[in-house]
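Reviewing the structure listed below.
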Amino acid sequence: MATPDRSPSPWREPEHDALADLARTFFTKEVLPHADRLAAQGHPDRAHYRRAGELGLLGLSVPEQYGGGGGGFTHETVVLQEQAYAGETSLGLAVHSGIVTGYLVAYGSEEQKRRWLPGLCSGELVGAIAMTEPDGGSDLQAMRTRAVRDGDDYVVTGAKTFISNGGLADLVIVAVKTDPEQRAAGISLLVCEVGGDPEGFRRGRLLAKIGLHANDTAELFFDGLRVPAANLLGDAEGLGFVQLMRQLPQERLVLGVGAVAAMERAVDLTVAYAKERTAFGKPLLGHQNTRMVLAECATRARTGRVFLDDCIVRHTRGELDVATAAMAKYWLTEGQCEVVDRCLQLFGGYGYTTEYPIARMYADARAQKIYGGTNEIMKELIARAL
């Protein structure tokens, strides 16, 4: 499906259009034909990460000297939008390029950047970030995964769950407690190189989910994994919580990007269906209820787009605050679930069959209100800022 023909976003330049064409072709011609197979195997193909790297679609905001595109967040946004417009859900680009590379650019030493960023940008390495624990949920300060210093290494023990890209990841940024006596001040970020599953590291099962079937989400177990002390992100222990809080607004904005694109796609798919499908002797679009529902959904999508674009502009200027990012994550993902649900209803029984994209969008959307911090947590963050 082509990008919806709408007023251009204020941050968009001609170079973004060329990038969008490239990304759209990649997703629709090279990845989507394998959708059923990828969903059955429960994870994307590594070859697709490498192909995305060859095309220059990974690490677009990474400086060129580290193998990246030398662009900014808006370039990452274009690729994520095109992925959502295409309905491609296997590749975890939001985590790989939207989050992991961002941590390394922001907090990595020169040696760390040169060691890891080129592989992430080429697709030879797959990146993930591991925060959530089996009994921790959104309470990051209560995490139990420990990293104990032993000579030139840290010894990591603990478990993480619901880790996007966890099944394929070669490089995982792991939130650990380097001082278990402290809460926020005891958290550090440690880059674990887990390609080949080294001793002391084990991947659990790929989690069976109600949606996003082709994107791998895994449990990760650390049982004495030795990680070089040089893999610590930042100049000292105890900086992890602050690093997370500074990066989470972008992560939440990334989720908003996907939410708005999904709303726009749902409206487009439903308008096309309502023009072709007949009921009681005329097209569905000829019925007042259909027109009213689509008018409401289109308005929710358009207002969501305006809010998102404002957040993107603020973010590119370094002015996106925690509360506004939380508003974007909460409001836009709620809108995604509402719009997709209402659009599905207009498909009738066909909307409940997986051969129609709207059904898959319905199942895929539900996680948006949970990961990246639940929407209940987002409301708490907003309330604290009032």
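The way I read the labels, and the way they are meant: chains A, B, ... in the order of the structure tokens, residue 1 as the first residue of every chain, and ligand 1 as the first ligand shown, with later ones counted on from there.
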
Exercise. Taking the chain letters and numbering used in this document, name the residues of stretch 73-244 of chain A that DSSP puts in strand (DSSP E), as JSON, numbers by chain.
Key: {"A": [127, 128, 129, 130, 146, 147, 148, 149, 150, 153, 154, 155, 156, 157, 158, 159, 160, 161, 162, 163, 164, 171, 172, 173, 174, 175, 176, 177, 187, 188, 189, 190, 191, 192, 193, 201, 202, 203, 204, 205, 206, 217, 218, 219, 220, 221, 222, 223, 224, 225, 226, 227, 228]}

Quiz item: Can you list, as number ranges by chain, every protein, DNA or RNA residue that comes within 12 Å of A:Leu80 when you count only C-alpha atoms, leaving out same-chain residues fewer than 2 positions away?
Solution: A: 19-20, 23-24, 27, 57-58, 60, 73-78, 82-89, 91-98, 253-262

Quiz prompt | stretch 124-131 of chain A environment, 10 Å, only C-alpha atoms, sequence neighbours closer than 5 positions dropped, as JSON, numbers by chain | solution = {"A": [46, 47, 49, 50, 51, 53, 92, 93, 94, 95, 96, 97, 99, 100, 101, 103, 116, 117, 118, 119, 136, 137, 138, 139, 140, 143, 145, 159, 160, 161, 162, 163, 164, 165, 166, 167, 168, 169, 170, 171, 172, 173, 174, 175, 176, 189, 190, 191, 192, 193, 195, 219, 220, 244, 372]}

Return as JSON lines the residues of stretch 214-236 of chain A lying at most 9 Å from stretch 150-157 of chain A, together with the closest atom-to-atom pair for each and the distance in Å to one decimal, counting only C-alpha atoms, with rows in chain order and ascending residue number.
```
{"residue": "A:Phe221", "atom": "CA", "partner": "A:Thr157", "partner_atom": "CA", "distance": 7.7}
{"residue": "A:Phe222", "atom": "CA", "partner": "A:Thr157", "partner_atom": "CA", "distance": 4.7}
{"residue": "A:Asp223", "atom": "CA", "partner": "A:Thr157", "partner_atom": "CA", "distance": 4.8}
{"residue": "A:Gly224", "atom": "CA", "partner": "A:Val156", "partner_atom": "CA", "distance": 5.2}
{"residue": "A:Leu225", "atom": "CA", "partner": "A:Val156", "partner_atom": "CA", "distance": 5.1}
{"residue": "A:Arg226", "atom": "CA", "partner": "A:Val155", "partner_atom": "CA", "distance": 4.7}
{"residue": "A:Val227", "atom": "CA", "partner": "A:Tyr154", "partner_atom": "CA", "distance": 5.1}
{"residue": "A:Pro228", "atom": "CA", "partner": "A:Asp153", "partner_atom": "CA", "distance": 4.3}
{"residue": "A:Ala229", "atom": "CA", "partner": "A:Asp153", "partner_atom": "CA", "distance": 4.7}
{"residue": "A:Ala230", "atom": "CA", "partner": "A:Asp152", "partner_atom": "CA", "distance": 7.9}
{"residue": "A:Asn231", "atom": "CA", "partner": "A:Asp153", "partner_atom": "CA", "distance": 9.0}
```

Nearby residues (only C-alpha atoms) at most 8 Å from A:Gly72, same-chain spacing under 6 positions excluded, as a PDB file with N, CA and C atoms, in the first residue's frame:
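After the write, out30.pdb holds the following:
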```pdb
ATOM      1  N   LEU A  60      20.183   5.093  10.703  1.00  0.00           N
ATOM      2  CA  LEU A  60      20.146   6.328   9.917  1.00  0.00           C
ATOM      3  C   LEU A  60      20.566   7.547  10.732  1.00  0.00           C
ATOM      4  N   SER A  61      20.390   7.493  12.058  1.00  0.00           N
ATOM      5  CA  SER A  61      20.779   8.635  12.897  1.00  0.00           C
ATOM      6  C   SER A  61      22.172   8.454  13.506  1.00  0.00           C
ATOM      7  N   VAL A  62      22.865   7.391  13.106  1.00  0.00           N
ATOM      8  CA  VAL A  62      24.230   7.154  13.585  1.00  0.00           C
ATOM      9  C   VAL A  62      25.209   7.946  12.720  1.00  0.00           C
ATOM     10  N   THR A 316      13.589  16.892  17.822  1.00  0.00           N
ATOM     11  CA  THR A 316      14.759  17.233  17.015  1.00  0.00           C
ATOM     12  C   THR A 316      15.462  18.487  17.535  1.00  0.00           C
TER      13      THR A 316
END
```

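When only C-alpha atoms are used to compute distances to A:Lys369, the closest of the residues A:Glu296, A:Glu334, A:Glu251, A:Asp310 turns out to be A:Glu334.
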
Quiz item: Among stretch 26-247 of chain A, which ones does DSSP place in alpha helix (DSSP H), written as a ChimeraX atom specification?
Solution: /A:35-41,46-54,73-86,93-95,101-107,110-122,240-247

Output C-alpha atoms of each residue in that selection to a file, as a PDB file, in the first residue's frame.
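Saved file selection-v9.pdb follows:
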```pdb
ATOM      1  CA  ALA A  35       5.186 -12.885   5.862  1.00  0.00           C
ATOM      2  CA  ASP A  36       3.434 -16.218   6.395  1.00  0.00           C
ATOM      3  CA  ARG A  37       6.703 -18.118   6.735  1.00  0.00           C
ATOM      4  CA  LEU A  38       8.146 -15.563   9.136  1.00  0.00           C
ATOM      5  CA  ALA A  39       5.023 -15.678  11.288  1.00  0.00           C
ATOM      6  CA  ALA A  40       5.198 -19.469  11.410  1.00  0.00           C
ATOM      7  CA  GLN A  41       8.859 -19.487  12.460  1.00  0.00           C
ATOM      8  CA  ARG A  46      18.798 -12.392   9.598  1.00  0.00           C
ATOM      9  CA  ALA A  47      19.187 -11.929   5.866  1.00  0.00           C
ATOM     10  CA  HIS A  48      16.550  -9.202   5.966  1.00  0.00           C
ATOM     11  CA  TYR A  49      18.535  -7.280   8.596  1.00  0.00           C
ATOM     12  CA  ARG A  50      21.615  -7.549   6.417  1.00  0.00           C
ATOM     13  CA  ARG A  51      19.695  -6.462   3.338  1.00  0.00           C
ATOM     14  CA  ALA A  52      18.286  -3.470   5.221  1.00  0.00           C
ATOM     15  CA  GLY A  53      21.861  -2.605   6.165  1.00  0.00           C
ATOM     16  CA  GLU A  54      23.018  -2.877   2.559  1.00  0.00           C
ATOM     17  CA  PHE A  73      15.457  10.988  14.218  1.00  0.00           C
ATOM     18  CA  THR A  74      13.278  12.125  11.332  1.00  0.00           C
ATOM     19  CA  HIS A  75      15.051   9.672   9.026  1.00  0.00           C
ATOM     20  CA  GLU A  76      14.397   6.827  11.454  1.00  0.00           C
ATOM     21  CA  THR A  77      10.776   8.001  11.592  1.00  0.00           C
ATOM     22  CA  VAL A  78      10.322   7.706   7.835  1.00  0.00           C
ATOM     23  CA  VAL A  79      11.510   4.085   7.799  1.00  0.00           C
ATOM     24  CA  LEU A  80       9.314   3.126  10.758  1.00  0.00           C
ATOM     25  CA  GLN A  81       6.294   4.773   9.138  1.00  0.00           C
ATOM     26  CA  GLU A  82       6.831   2.920   5.885  1.00  0.00           C
ATOM     27  CA  GLN A  83       7.187  -0.344   7.773  1.00  0.00           C
ATOM     28  CA  ALA A  84       3.846   0.304   9.455  1.00  0.00           C
ATOM     29  CA  TYR A  85       2.130   1.415   6.229  1.00  0.00           C
ATOM     30  CA  ALA A  86       3.312  -1.806   4.587  1.00  0.00           C
ATOM     31  CA  LEU A  93      13.777  -1.883  13.682  1.00  0.00           C
ATOM     32  CA  ALA A  94      12.161   0.290  16.339  1.00  0.00           C
ATOM     33  CA  VAL A  95      14.384  -1.412  18.921  1.00  0.00           C
ATOM     34  CA  THR A 101      21.959   2.602  18.477  1.00  0.00           C
ATOM     35  CA  GLY A 102      20.687   5.682  20.293  1.00  0.00           C
ATOM     36  CA  TYR A 103      22.070   4.457  23.616  1.00  0.00           C
ATOM     37  CA  LEU A 104      25.441   3.696  22.074  1.00  0.00           C
ATOM     38  CA  VAL A 105      25.699   7.052  20.323  1.00  0.00           C
ATOM     39  CA  ALA A 106      24.670   8.909  23.480  1.00  0.00           C
ATOM     40  CA  TYR A 107      26.665   7.001  26.115  1.00  0.00           C
ATOM     41  CA  GLU A 110      34.790   6.043  21.310  1.00  0.00           C
ATOM     42  CA  GLU A 111      36.064   2.457  21.440  1.00  0.00           C
ATOM     43  CA  GLN A 112      32.578   1.083  22.081  1.00  0.00           C
ATOM     44  CA  LYS A 113      31.075   3.048  19.210  1.00  0.00           C
ATOM     45  CA  ARG A 114      33.727   1.836  16.773  1.00  0.00           C
ATOM     46  CA  ARG A 115      33.366  -1.749  17.984  1.00  0.00           C
ATOM     47  CA  TRP A 116      29.589  -2.116  17.813  1.00  0.00           C
ATOM     48  CA  LEU A 117      27.891   0.546  15.716  1.00  0.00           C
ATOM     49  CA  PRO A 118      29.223  -0.530  12.284  1.00  0.00           C
ATOM     50  CA  GLY A 119      27.857  -4.055  12.768  1.00  0.00           C
ATOM     51  CA  LEU A 120      24.462  -2.746  13.886  1.00  0.00           C
ATOM     52  CA  CYS A 121      24.307  -0.414  10.884  1.00  0.00           C
ATOM     53  CA  SER A 122      25.261  -3.168   8.424  1.00  0.00           C
ATOM     54  CA  GLY A 240      21.863   3.500  34.226  1.00  0.00           C
ATOM     55  CA  PHE A 241      18.605   4.872  35.584  1.00  0.00           C
ATOM     56  CA  VAL A 242      19.427   8.394  34.471  1.00  0.00           C
ATOM     57  CA  GLN A 243      20.472   7.080  31.050  1.00  0.00           C
ATOM     58  CA  LEU A 244      17.193   5.181  30.745  1.00  0.00           C
ATOM     59  CA  MET A 245      15.107   8.191  31.735  1.00  0.00           C
ATOM     60  CA  ARG A 246      16.850  10.345  29.151  1.00  0.00           C
ATOM     61  CA  GLN A 247      16.334   7.826  26.347  1.00  0.00           C
TER      62      GLN A 247
END
```

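Ranking A:Thr303, A:Arg317, A:Ser188, A:Val340 by their shortest atom-to-atom distance to A:Tyr352, with only C-alpha atoms included, puts A:Val340 first.
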